[in-house]
$ cat data.txt   # compact mmCIF, N, CA and C atoms
# COMPACT_ATOMS: atom_id res chain seq x y z
N MET A 1 80.15 109.44 58.27
CA MET A 1 80.78 108.92 59.48
C MET A 1 80.64 109.95 60.58
N GLN A 2 80.17 109.50 61.71
CA GLN A 2 79.95 110.39 62.84
C GLN A 2 81.11 110.28 63.81
N VAL A 3 81.62 111.43 64.23
CA VAL A 3 82.69 111.47 65.21
C VAL A 3 82.10 111.98 66.51
N THR A 4 82.24 111.19 67.56
CA THR A 4 81.68 111.58 68.84
C THR A 4 82.76 112.25 69.69
N VAL A 5 82.32 112.86 70.76
CA VAL A 5 83.24 113.50 71.69
C VAL A 5 84.16 112.46 72.32
N ALA A 6 83.66 111.27 72.57
CA ALA A 6 84.47 110.20 73.16
C ALA A 6 85.58 109.78 72.21
N ASP A 7 85.27 109.75 70.90
CA ASP A 7 86.31 109.39 69.92
C ASP A 7 87.42 110.43 69.89
N VAL A 8 87.04 111.69 69.91
CA VAL A 8 88.04 112.77 69.90
C VAL A 8 88.87 112.72 71.18
N GLY A 9 88.21 112.50 72.30
CA GLY A 9 88.93 112.40 73.58
C GLY A 9 89.89 111.23 73.60
N ALA A 10 89.47 110.10 73.04
CA ALA A 10 90.34 108.92 73.00
C ALA A 10 91.56 109.17 72.12
N ARG A 11 91.35 109.86 70.98
CA ARG A 11 92.49 110.17 70.10
C ARG A 11 93.45 111.14 70.77
N GLN A 12 92.93 112.14 71.46
CA GLN A 12 93.80 113.10 72.15
C GLN A 12 94.57 112.42 73.27
N THR A 13 93.91 111.52 74.00
CA THR A 13 94.58 110.78 75.07
C THR A 13 95.68 109.91 74.51
N ALA A 14 95.40 109.21 73.42
CA ALA A 14 96.41 108.35 72.82
C ALA A 14 97.58 109.15 72.29
N SER A 15 97.31 110.30 71.68
CA SER A 15 98.41 111.11 71.15
C SER A 15 99.20 111.76 72.26
N ALA A 16 98.59 112.08 73.38
CA ALA A 16 99.31 112.66 74.51
C ALA A 16 100.14 111.62 75.23
N ALA A 17 99.70 110.37 75.23
CA ALA A 17 100.41 109.30 75.93
C ALA A 17 101.59 108.76 75.13
N ARG A 18 101.57 108.92 73.83
CA ARG A 18 102.61 108.34 72.98
C ARG A 18 104.01 108.84 73.34
N PRO A 19 104.25 110.15 73.53
CA PRO A 19 105.62 110.58 73.87
C PRO A 19 106.12 110.00 75.19
N ALA A 20 105.25 109.87 76.17
CA ALA A 20 105.66 109.32 77.46
C ALA A 20 106.02 107.85 77.31
N ARG A 21 105.26 107.12 76.53
CA ARG A 21 105.55 105.70 76.32
C ARG A 21 106.85 105.51 75.55
N VAL A 22 107.07 106.34 74.54
CA VAL A 22 108.32 106.25 73.77
C VAL A 22 109.50 106.60 74.66
N THR A 23 109.34 107.61 75.49
CA THR A 23 110.41 107.99 76.42
C THR A 23 110.71 106.85 77.38
N LEU A 24 109.68 106.18 77.87
CA LEU A 24 109.89 105.03 78.75
C LEU A 24 110.66 103.93 78.03
N LEU A 25 110.31 103.64 76.80
CA LEU A 25 111.02 102.62 76.03
C LEU A 25 112.48 102.99 75.82
N VAL A 26 112.74 104.22 75.42
CA VAL A 26 114.11 104.66 75.15
C VAL A 26 114.94 104.67 76.43
N LEU A 27 114.38 105.22 77.50
CA LEU A 27 115.12 105.26 78.77
C LEU A 27 115.41 103.85 79.29
N SER A 28 114.47 102.94 79.12
CA SER A 28 114.69 101.57 79.57
C SER A 28 115.82 100.91 78.79
N ALA A 29 115.82 101.10 77.47
CA ALA A 29 116.89 100.52 76.66
C ALA A 29 118.24 101.13 77.04
N LEU A 30 118.28 102.44 77.25
CA LEU A 30 119.53 103.09 77.65
C LEU A 30 119.98 102.64 79.04
N ALA A 31 119.05 102.44 79.94
CA ALA A 31 119.39 102.01 81.30
C ALA A 31 119.97 100.61 81.30
N ILE A 32 119.38 99.72 80.53
CA ILE A 32 119.91 98.36 80.45
C ILE A 32 121.30 98.38 79.82
N ALA A 33 121.48 99.20 78.80
CA ALA A 33 122.79 99.30 78.16
C ALA A 33 123.82 99.89 79.13
N ALA A 34 123.43 100.90 79.87
CA ALA A 34 124.36 101.51 80.83
C ALA A 34 124.69 100.56 81.97
N GLY A 35 123.69 99.84 82.45
CA GLY A 35 123.95 98.86 83.50
C GLY A 35 124.83 97.73 83.02
N SER A 36 124.62 97.33 81.78
CA SER A 36 125.46 96.27 81.21
C SER A 36 126.87 96.79 80.92
N ALA A 37 126.98 98.05 80.56
CA ALA A 37 128.30 98.63 80.29
C ALA A 37 129.12 98.78 81.56
N ALA A 38 128.49 98.66 82.71
CA ALA A 38 129.23 98.74 83.98
C ALA A 38 130.24 97.61 84.07
N ILE A 39 130.01 96.55 83.33
CA ILE A 39 130.95 95.43 83.32
C ILE A 39 132.30 95.90 82.80
N LEU A 40 132.28 96.83 81.85
CA LEU A 40 133.52 97.33 81.27
C LEU A 40 134.18 98.38 82.15
N GLY A 41 133.50 98.79 83.21
CA GLY A 41 133.98 99.89 84.05
C GLY A 41 135.03 99.51 85.06
N GLY A 42 135.61 98.36 84.98
CA GLY A 42 136.65 97.98 85.93
C GLY A 42 136.36 96.63 86.55
N ASP A 43 137.09 96.38 87.61
CA ASP A 43 136.95 95.10 88.29
C ASP A 43 135.66 95.07 89.11
N PRO A 44 134.98 93.93 89.11
CA PRO A 44 133.79 93.82 89.96
C PRO A 44 134.19 93.79 91.44
N THR A 45 133.21 94.04 92.26
CA THR A 45 133.44 93.97 93.70
C THR A 45 133.83 92.54 94.05
N ARG A 46 134.86 92.41 94.85
CA ARG A 46 135.33 91.07 95.24
C ARG A 46 134.42 90.53 96.34
N VAL A 47 133.74 89.46 95.99
CA VAL A 47 132.87 88.79 96.96
C VAL A 47 133.11 87.29 96.84
N GLU A 48 132.73 86.60 97.87
CA GLU A 48 132.86 85.14 97.84
C GLU A 48 131.93 84.57 96.77
N PRO A 49 132.28 83.41 96.24
CA PRO A 49 131.45 82.83 95.18
C PRO A 49 130.01 82.56 95.61
N ASP A 50 129.81 82.15 96.85
CA ASP A 50 128.44 81.90 97.32
C ASP A 50 127.65 83.20 97.40
N LEU A 51 128.29 84.25 97.88
CA LEU A 51 127.62 85.55 97.94
C LEU A 51 127.33 86.07 96.54
N ALA A 52 128.24 85.85 95.61
CA ALA A 52 128.01 86.27 94.23
C ALA A 52 126.79 85.58 93.65
N ARG A 53 126.62 84.30 93.93
CA ARG A 53 125.44 83.58 93.44
C ARG A 53 124.16 84.16 94.05
N VAL A 54 124.21 84.45 95.34
CA VAL A 54 123.02 85.03 96.01
C VAL A 54 122.71 86.40 95.42
N LEU A 55 123.73 87.22 95.22
CA LEU A 55 123.52 88.55 94.65
C LEU A 55 122.96 88.48 93.24
N ARG A 56 123.44 87.53 92.47
CA ARG A 56 122.92 87.39 91.10
C ARG A 56 121.49 86.86 91.10
N LEU A 57 121.17 85.98 92.04
CA LEU A 57 119.79 85.52 92.15
C LEU A 57 118.89 86.69 92.53
N MET A 58 119.32 87.50 93.47
CA MET A 58 118.54 88.68 93.85
C MET A 58 118.42 89.66 92.69
N ALA A 59 119.50 89.83 91.92
CA ALA A 59 119.45 90.72 90.76
C ALA A 59 118.45 90.19 89.73
N ALA A 60 118.40 88.88 89.55
CA ALA A 60 117.44 88.31 88.61
C ALA A 60 116.01 88.53 89.09
N MET A 61 115.79 88.35 90.39
CA MET A 61 114.45 88.60 90.94
C MET A 61 114.07 90.06 90.79
N LYS A 62 115.00 90.96 91.10
CA LYS A 62 114.71 92.39 90.99
C LYS A 62 114.55 92.80 89.53
N GLY A 63 115.26 92.13 88.64
CA GLY A 63 115.05 92.39 87.22
C GLY A 63 113.65 92.01 86.78
N THR A 64 113.12 90.93 87.37
CA THR A 64 111.74 90.55 87.11
C THR A 64 110.77 91.60 87.64
N PHE A 65 111.07 92.16 88.81
CA PHE A 65 110.25 93.25 89.35
C PHE A 65 110.31 94.46 88.43
N ALA A 66 111.50 94.75 87.89
CA ALA A 66 111.66 95.87 86.97
C ALA A 66 110.84 95.65 85.70
N LEU A 67 110.82 94.42 85.20
CA LEU A 67 110.01 94.11 84.03
C LEU A 67 108.52 94.27 84.33
N ALA A 68 108.10 93.84 85.51
CA ALA A 68 106.69 94.01 85.90
C ALA A 68 106.35 95.50 86.05
N ALA A 69 107.26 96.27 86.64
CA ALA A 69 107.02 97.70 86.79
C ALA A 69 106.98 98.38 85.42
N PHE A 70 107.88 97.98 84.52
CA PHE A 70 107.87 98.52 83.16
C PHE A 70 106.53 98.24 82.49
N THR A 71 106.06 97.01 82.59
CA THR A 71 104.79 96.64 81.95
C THR A 71 103.63 97.44 82.53
N ALA A 72 103.59 97.55 83.85
CA ALA A 72 102.50 98.29 84.50
C ALA A 72 102.55 99.78 84.14
N CYS A 73 103.74 100.35 84.14
CA CYS A 73 103.86 101.77 83.82
C CYS A 73 103.56 102.03 82.35
N TYR A 74 104.01 101.17 81.47
CA TYR A 74 103.69 101.32 80.04
C TYR A 74 102.18 101.26 79.83
N TRP A 75 101.52 100.33 80.52
CA TRP A 75 100.07 100.23 80.41
C TRP A 75 99.40 101.48 80.97
N ARG A 76 99.89 101.98 82.12
CA ARG A 76 99.27 103.14 82.76
C ARG A 76 99.47 104.41 81.93
N LEU A 77 100.57 104.50 81.22
CA LEU A 77 100.84 105.71 80.43
C LEU A 77 99.95 105.83 79.20
N ALA A 78 99.08 104.87 78.97
CA ALA A 78 98.12 104.98 77.87
C ALA A 78 97.05 106.01 78.20
N ARG A 79 96.94 106.38 79.46
CA ARG A 79 95.97 107.39 79.90
C ARG A 79 96.73 108.52 80.59
N PRO A 80 96.17 109.72 80.58
CA PRO A 80 96.86 110.83 81.23
C PRO A 80 96.99 110.62 82.73
N ALA A 81 98.07 111.14 83.29
CA ALA A 81 98.31 111.05 84.73
C ALA A 81 98.81 112.41 85.21
N ASN A 82 98.83 112.58 86.53
CA ASN A 82 99.40 113.80 87.10
C ASN A 82 100.85 113.92 86.64
N PRO A 83 101.36 115.14 86.52
CA PRO A 83 102.74 115.31 86.03
C PRO A 83 103.78 114.58 86.89
N TRP A 84 103.63 114.61 88.22
CA TRP A 84 104.65 113.95 89.04
C TRP A 84 104.55 112.43 88.92
N ARG A 85 103.33 111.92 88.76
CA ARG A 85 103.18 110.48 88.58
C ARG A 85 103.71 110.06 87.21
N MET A 86 103.45 110.88 86.19
CA MET A 86 103.94 110.55 84.86
C MET A 86 105.47 110.50 84.87
N ALA A 87 106.10 111.42 85.58
CA ALA A 87 107.56 111.42 85.67
C ALA A 87 108.06 110.15 86.34
N ILE A 88 107.37 109.72 87.38
CA ILE A 88 107.77 108.47 88.06
C ILE A 88 107.53 107.28 87.16
N TYR A 89 106.38 107.24 86.47
CA TYR A 89 106.08 106.11 85.59
C TYR A 89 107.08 106.01 84.44
N VAL A 90 107.67 107.13 84.05
CA VAL A 90 108.65 107.13 82.96
C VAL A 90 110.06 106.83 83.48
N ALA A 91 110.43 107.35 84.64
CA ALA A 91 111.83 107.27 85.10
C ALA A 91 112.13 106.07 86.01
N ALA A 92 111.18 105.61 86.77
CA ALA A 92 111.47 104.58 87.77
C ALA A 92 111.78 103.20 87.18
N PRO A 93 111.02 102.68 86.20
CA PRO A 93 111.39 101.36 85.67
C PRO A 93 112.79 101.31 85.05
N PRO A 94 113.23 102.33 84.29
CA PRO A 94 114.62 102.29 83.81
C PRO A 94 115.64 102.33 84.95
N LEU A 95 115.34 103.06 86.00
CA LEU A 95 116.23 103.10 87.16
C LEU A 95 116.33 101.72 87.79
N MET A 96 115.20 101.03 87.89
CA MET A 96 115.20 99.67 88.43
C MET A 96 115.99 98.72 87.53
N ALA A 97 115.82 98.85 86.22
CA ALA A 97 116.52 97.97 85.28
C ALA A 97 118.03 98.20 85.34
N ALA A 98 118.45 99.46 85.41
CA ALA A 98 119.88 99.75 85.52
C ALA A 98 120.45 99.20 86.82
N GLY A 99 119.69 99.33 87.90
CA GLY A 99 120.14 98.78 89.17
C GLY A 99 120.27 97.27 89.14
N ALA A 100 119.31 96.60 88.52
CA ALA A 100 119.37 95.14 88.43
C ALA A 100 120.56 94.70 87.57
N ALA A 101 120.80 95.41 86.46
CA ALA A 101 121.94 95.05 85.61
C ALA A 101 123.26 95.32 86.32
N GLY A 102 123.32 96.44 87.05
CA GLY A 102 124.54 96.73 87.80
C GLY A 102 124.78 95.74 88.92
N MET A 103 123.71 95.29 89.55
CA MET A 103 123.86 94.31 90.61
C MET A 103 124.29 92.95 90.04
N TRP A 104 123.76 92.60 88.88
CA TRP A 104 124.13 91.34 88.25
C TRP A 104 125.62 91.33 87.91
N SER A 105 126.12 92.48 87.46
CA SER A 105 127.53 92.54 87.06
C SER A 105 128.48 92.66 88.25
N LEU A 106 127.93 92.82 89.45
CA LEU A 106 128.70 92.96 90.68
C LEU A 106 129.59 94.20 90.68
N HIS A 107 129.18 95.23 89.96
CA HIS A 107 129.87 96.51 89.93
C HIS A 107 129.02 97.53 90.68
N HIS A 108 129.65 98.32 91.50
CA HIS A 108 128.97 99.42 92.21
C HIS A 108 127.69 98.92 92.88
N LEU A 109 127.83 97.95 93.74
CA LEU A 109 126.66 97.29 94.34
C LEU A 109 125.79 98.25 95.14
N GLY A 110 126.41 99.16 95.86
CA GLY A 110 125.63 100.11 96.66
C GLY A 110 124.79 101.03 95.80
N VAL A 111 125.38 101.58 94.76
CA VAL A 111 124.65 102.47 93.85
C VAL A 111 123.56 101.70 93.11
N ALA A 112 123.88 100.48 92.68
CA ALA A 112 122.90 99.65 91.98
C ALA A 112 121.71 99.34 92.87
N ALA A 113 121.98 98.96 94.11
CA ALA A 113 120.88 98.64 95.04
C ALA A 113 120.06 99.88 95.37
N LEU A 114 120.73 101.02 95.52
CA LEU A 114 120.01 102.26 95.81
C LEU A 114 119.08 102.63 94.66
N GLY A 115 119.57 102.58 93.44
CA GLY A 115 118.72 102.90 92.29
C GLY A 115 117.57 101.93 92.14
N LEU A 116 117.87 100.66 92.32
CA LEU A 116 116.85 99.64 92.17
C LEU A 116 115.72 99.83 93.18
N HIS A 117 116.07 100.01 94.43
CA HIS A 117 115.04 100.15 95.47
C HIS A 117 114.33 101.50 95.42
N ALA A 118 115.04 102.55 95.04
CA ALA A 118 114.39 103.85 94.89
C ALA A 118 113.34 103.79 93.79
N GLY A 119 113.67 103.17 92.67
CA GLY A 119 112.70 103.02 91.59
C GLY A 119 111.51 102.18 91.99
N LEU A 120 111.78 101.09 92.71
CA LEU A 120 110.70 100.21 93.16
C LEU A 120 109.74 100.95 94.09
N PHE A 121 110.27 101.65 95.07
CA PHE A 121 109.40 102.36 96.00
C PHE A 121 108.68 103.52 95.33
N ALA A 122 109.31 104.17 94.37
CA ALA A 122 108.65 105.26 93.66
C ALA A 122 107.45 104.75 92.86
N VAL A 123 107.64 103.63 92.15
CA VAL A 123 106.52 103.06 91.38
C VAL A 123 105.40 102.63 92.31
N LEU A 124 105.75 101.98 93.40
CA LEU A 124 104.71 101.55 94.35
C LEU A 124 103.96 102.74 94.93
N ALA A 125 104.69 103.78 95.32
CA ALA A 125 104.03 104.96 95.90
C ALA A 125 103.13 105.64 94.88
N ALA A 126 103.60 105.79 93.66
CA ALA A 126 102.78 106.43 92.64
C ALA A 126 101.56 105.60 92.29
N ALA A 127 101.74 104.30 92.14
CA ALA A 127 100.62 103.44 91.74
C ALA A 127 99.59 103.30 92.85
N LEU A 128 100.04 103.17 94.08
CA LEU A 128 99.09 102.96 95.18
C LEU A 128 98.31 104.23 95.53
N THR A 129 98.84 105.39 95.17
CA THR A 129 98.11 106.64 95.44
C THR A 129 97.40 107.17 94.21
N ASP A 130 97.52 106.47 93.09
CA ASP A 130 96.89 106.92 91.84
C ASP A 130 95.48 106.35 91.74
N PRO A 131 94.46 107.20 91.84
CA PRO A 131 93.09 106.68 91.78
C PRO A 131 92.73 106.12 90.40
N ASP A 132 93.48 106.48 89.36
CA ASP A 132 93.19 106.00 88.02
C ASP A 132 94.09 104.85 87.59
N PHE A 133 94.89 104.31 88.51
CA PHE A 133 95.77 103.22 88.12
C PHE A 133 94.97 101.99 87.74
N LEU A 134 93.98 101.67 88.53
CA LEU A 134 93.07 100.57 88.21
C LEU A 134 91.65 101.13 88.19
N PRO A 135 91.25 101.72 87.07
CA PRO A 135 89.93 102.36 87.04
C PRO A 135 88.79 101.39 87.21
N ALA A 136 89.00 100.10 86.99
CA ALA A 136 87.92 99.13 87.16
C ALA A 136 87.52 98.98 88.62
N LEU A 137 88.38 99.44 89.54
CA LEU A 137 88.05 99.33 90.96
C LEU A 137 87.11 100.43 91.43
N ARG A 138 86.82 101.37 90.57
CA ARG A 138 85.89 102.44 90.96
C ARG A 138 84.46 101.89 90.97
N LEU A 139 83.72 102.29 91.96
CA LEU A 139 82.31 101.93 92.01
C LEU A 139 81.53 102.85 91.07
N LYS A 140 80.34 102.47 90.71
CA LYS A 140 79.54 103.28 89.82
C LYS A 140 79.22 104.64 90.44
N SER A 141 79.21 104.73 91.73
CA SER A 141 78.89 105.99 92.37
C SER A 141 80.09 106.93 92.41
N GLY A 142 81.26 106.45 91.94
CA GLY A 142 82.44 107.32 91.92
C GLY A 142 83.37 107.06 93.08
N ARG A 143 82.93 106.29 94.07
CA ARG A 143 83.80 105.98 95.21
C ARG A 143 84.74 104.85 94.84
N ARG A 144 85.83 104.78 95.57
CA ARG A 144 86.77 103.69 95.35
C ARG A 144 86.48 102.58 96.34
N LEU A 145 86.86 101.37 95.98
CA LEU A 145 86.71 100.24 96.90
C LEU A 145 87.65 100.36 98.05

$ encode --input "data.txt" --output "structure tokens"
Amino acid sequence: MQVTVADVGARQTASAARPARVTLLVLSALAIAAGSAAILGGDPTRVEPDLARVLRLMAAMKGTFALAAFTACYWRLARPANPWRMAIYVAAPPLMAAGAAGMWSLHHLGVAALGLHAGLFAVLAAALTDPDFLPALRLKSGRRL
């Protein structure tokens, strides 16, 4: 059996990406649990029933964005990234999930919205400036589209 340099590189990449992916999974589970535990943290913010429905609809939409960000970051962490981008890819989706759960529960709405939007903008900034986020967009000459 012949082992090529590409095979060794692929194994090293996969083994280096595994801790970041596991950390993302664990942090996401903890963030959802913490956001859900906010329900036990006291009385929710008093809002009118119509506003509560709108806030919960927005929380559901933002939760969908958090799920999309989680999926994209999990996929991206299969390959090495810059240290600051890797930190964002690991920390931002759980922050978004905790914010969405906190917003759904109507507890600490300002903190929940801040975390949710900070995570969203961090993922967008990291992904849009990452030349390896979508490697298929590279031209054969090495330039980007």

$ atom_distance --input "data.txt" --atom1 "CA of Leu128 (chain A)" --atom2 "CA of Ala72 (chain A)"
12.1 Å

$ closest_residue --input "data.txt" --among "A:Arg21, A:Arg46, A:Arg56, A:His117" --to "Ala78 (chain A)" --atoms "all atoms listed in the file"
A:Arg21

$ residues_around --input "data.txt" --residues "Ser28 (chain A)" --least-positions-apart "2" --cutoff "8 Å" --atoms "only N, CA and C atoms" --output "list in words"
Val22, Thr23, Leu24, Leu25, Val26, Leu30, Ala31, Ile32, Ala33, Ala34, Val90, Ala91, Pro93, Pro94, Leu95, Ala97 and Ala98 of chain A

$ atom_distance --input "data.txt" --atom1 "atom N of Ala59 (chain A)" --atom2 "atom N of Val123 (chain A)"
18.2 Å

$ atom_distance --input "data.txt" --atom1 "atom C of Pro135 (chain A)" --atom2 "atom N of Met96 (chain A)"
26.4 Å

$ select_by_dssp --input "data.txt" --residues "region 10-138 of chain A" --states "helix (DSSP H, G or I)" --output "PyMOL selection string"
chain A and resi 10-41+49-76+83-104+109-129+135-137

$ residues_around --input "data.txt" --residues "Leu106 (chain A)" --least-positions-apart "2" --cutoff "7 Å" --atoms "all atoms listed in the file" --output "count of residues only"
10

$ closest_residue --input "data.txt" --among "A:Ala81, A:Leu57, A:Ala20, A:Ala37" --to "Asp132 (chain A)" --atoms "only C-alpha atoms"
A:Ala81

$ closest_residue --input "data.txt" --among "A:Val111, A:Met61, A:Ala122, A:Ala66" --to "Tyr89 (chain A)" --atoms "all atoms listed in the file"
A:Ala122

$ closest_residue --input "data.txt" --among "A:Val47, A:Leu120, A:Ile88, A:Ala29" --to "Cys73 (chain A)" --atoms "all atoms listed in the file"
A:Ile88

$ axis_aligned_box --input "data.txt" --around "region 88-93 of chain A" --padding-each-side "8 Å" --output "JSON"
{"center_x": 109.4, "center_y": 105.5, "center_z": 85.5, "size_x": 22.7, "size_y": 24.4, "size_z": 21.1}

$ closest_residue --input "data.txt" --among "A:Leu124, A:Ala87, A:Val54, A:Ala100" --to "Ala69 (chain A)" --atoms "all atoms listed in the file"
A:Leu124

$ closest_residue --input "data.txt" --among "A:Ala92, A:Leu114, A:Leu134, A:Leu51" --to "Arg79 (chain A)" --atoms "only C-alpha atoms"
A:Leu134

$ build_atoms --input "data.txt" --residues "region 60-69 of chain A" --atoms "all heavy atoms" --output "PDB file, in the frame of the given file"
ATOM      1  N   ALA A  60     118.400  88.880  89.550  1.00  0.00           N
ATOM      2  CA  ALA A  60     117.440  88.310  88.610  1.00  0.00           C
ATOM      3  C   ALA A  60     116.010  88.530  89.090  1.00  0.00           C
ATOM      4  O   ALA A  60     115.116  88.872  88.301  1.00  0.00           O
ATOM      5  CB  ALA A  60     117.713  86.818  88.411  1.00  0.00           C
ATOM      6  N   MET A  61     115.790  88.350  90.390  1.00  0.00           N
ATOM      7  CA  MET A  61     114.450  88.600  90.940  1.00  0.00           C
ATOM      8  C   MET A  61     114.070  90.060  90.790  1.00  0.00           C
ATOM      9  O   MET A  61     112.950  90.380  90.395  1.00  0.00           O
ATOM     10  CB  MET A  61     114.406  88.179  92.412  1.00  0.00           C
ATOM     11  CG  MET A  61     114.449  86.683  92.610  1.00  0.00           C
ATOM     12  SD  MET A  61     114.599  86.152  94.321  1.00  0.00           S
ATOM     13  CE  MET A  61     113.423  87.138  95.180  1.00  0.00           C
ATOM     14  N   LYS A  62     115.000  90.960  91.100  1.00  0.00           N
ATOM     15  CA  LYS A  62     114.710  92.390  90.990  1.00  0.00           C
ATOM     16  C   LYS A  62     114.550  92.800  89.530  1.00  0.00           C
ATOM     17  O   LYS A  62     113.779  93.710  89.222  1.00  0.00           O
ATOM     18  CB  LYS A  62     115.821  93.216  91.645  1.00  0.00           C
ATOM     19  CG  LYS A  62     116.035  92.915  93.111  1.00  0.00           C
ATOM     20  CD  LYS A  62     114.867  93.310  93.970  1.00  0.00           C
ATOM     21  CE  LYS A  62     115.169  92.930  95.400  1.00  0.00           C
ATOM     22  NZ  LYS A  62     114.705  93.855  96.386  1.00  0.00           N
ATOM     23  N   GLY A  63     115.260  92.130  88.640  1.00  0.00           N
ATOM     24  CA  GLY A  63     115.050  92.390  87.220  1.00  0.00           C
ATOM     25  C   GLY A  63     113.650  92.010  86.780  1.00  0.00           C
ATOM     26  O   GLY A  63     113.040  92.680  85.949  1.00  0.00           O
ATOM     27  N   THR A  64     113.120  90.930  87.370  1.00  0.00           N
ATOM     28  CA  THR A  64     111.740  90.550  87.110  1.00  0.00           C
ATOM     29  C   THR A  64     110.770  91.600  87.640  1.00  0.00           C
ATOM     30  O   THR A  64     109.779  91.934  86.983  1.00  0.00           O
ATOM     31  CB  THR A  64     111.434  89.177  87.749  1.00  0.00           C
ATOM     32  OG1 THR A  64     112.392  88.231  87.267  1.00  0.00           O
ATOM     33  CG2 THR A  64     110.042  88.704  87.422  1.00  0.00           C
ATOM     34  N   PHE A  65     111.070  92.160  88.810  1.00  0.00           N
ATOM     35  CA  PHE A  65     110.250  93.250  89.350  1.00  0.00           C
ATOM     36  C   PHE A  65     110.310  94.460  88.430  1.00  0.00           C
ATOM     37  O   PHE A  65     109.312  95.152  88.214  1.00  0.00           O
ATOM     38  CB  PHE A  65     110.703  93.657  90.748  1.00  0.00           C
ATOM     39  CG  PHE A  65     110.490  92.618  91.805  1.00  0.00           C
ATOM     40  CD1 PHE A  65     111.218  92.665  92.973  1.00  0.00           C
ATOM     41  CD2 PHE A  65     109.587  91.584  91.654  1.00  0.00           C
ATOM     42  CE1 PHE A  65     111.044  91.718  93.964  1.00  0.00           C
ATOM     43  CE2 PHE A  65     109.397  90.630  92.634  1.00  0.00           C
ATOM     44  CZ  PHE A  65     110.140  90.700  93.800  1.00  0.00           C
ATOM     45  N   ALA A  66     111.500  94.750  87.890  1.00  0.00           N
ATOM     46  CA  ALA A  66     111.660  95.870  86.970  1.00  0.00           C
ATOM     47  C   ALA A  66     110.840  95.650  85.700  1.00  0.00           C
ATOM     48  O   ALA A  66     110.216  96.583  85.180  1.00  0.00           O
ATOM     49  CB  ALA A  66     113.138  96.081  86.622  1.00  0.00           C
ATOM     50  N   LEU A  67     110.820  94.420  85.200  1.00  0.00           N
ATOM     51  CA  LEU A  67     110.010  94.110  84.030  1.00  0.00           C
ATOM     52  C   LEU A  67     108.520  94.270  84.330  1.00  0.00           C
ATOM     53  O   LEU A  67     107.769  94.816  83.515  1.00  0.00           O
ATOM     54  CB  LEU A  67     110.311  92.687  83.550  1.00  0.00           C
ATOM     55  CG  LEU A  67     109.559  92.222  82.306  1.00  0.00           C
ATOM     56  CD1 LEU A  67     109.896  93.092  81.117  1.00  0.00           C
ATOM     57  CD2 LEU A  67     109.882  90.770  82.025  1.00  0.00           C
ATOM     58  N   ALA A  68     108.100  93.840  85.510  1.00  0.00           N
ATOM     59  CA  ALA A  68     106.690  94.010  85.900  1.00  0.00           C
ATOM     60  C   ALA A  68     106.350  95.500  86.050  1.00  0.00           C
ATOM     61  O   ALA A  68     105.276  95.943  85.618  1.00  0.00           O
ATOM     62  CB  ALA A  68     106.412  93.271  87.205  1.00  0.00           C
ATOM     63  N   ALA A  69     107.260  96.270  86.640  1.00  0.00           N
ATOM     64  CA  ALA A  69     107.020  97.700  86.790  1.00  0.00           C
ATOM     65  C   ALA A  69     106.980  98.380  85.420  1.00  0.00           C
ATOM     66  O   ALA A  69     106.143  99.262  85.172  1.00  0.00           O
ATOM     67  CB  ALA A  69     108.118  98.333  87.653  1.00  0.00           C
TER      68      ALA A  69
END
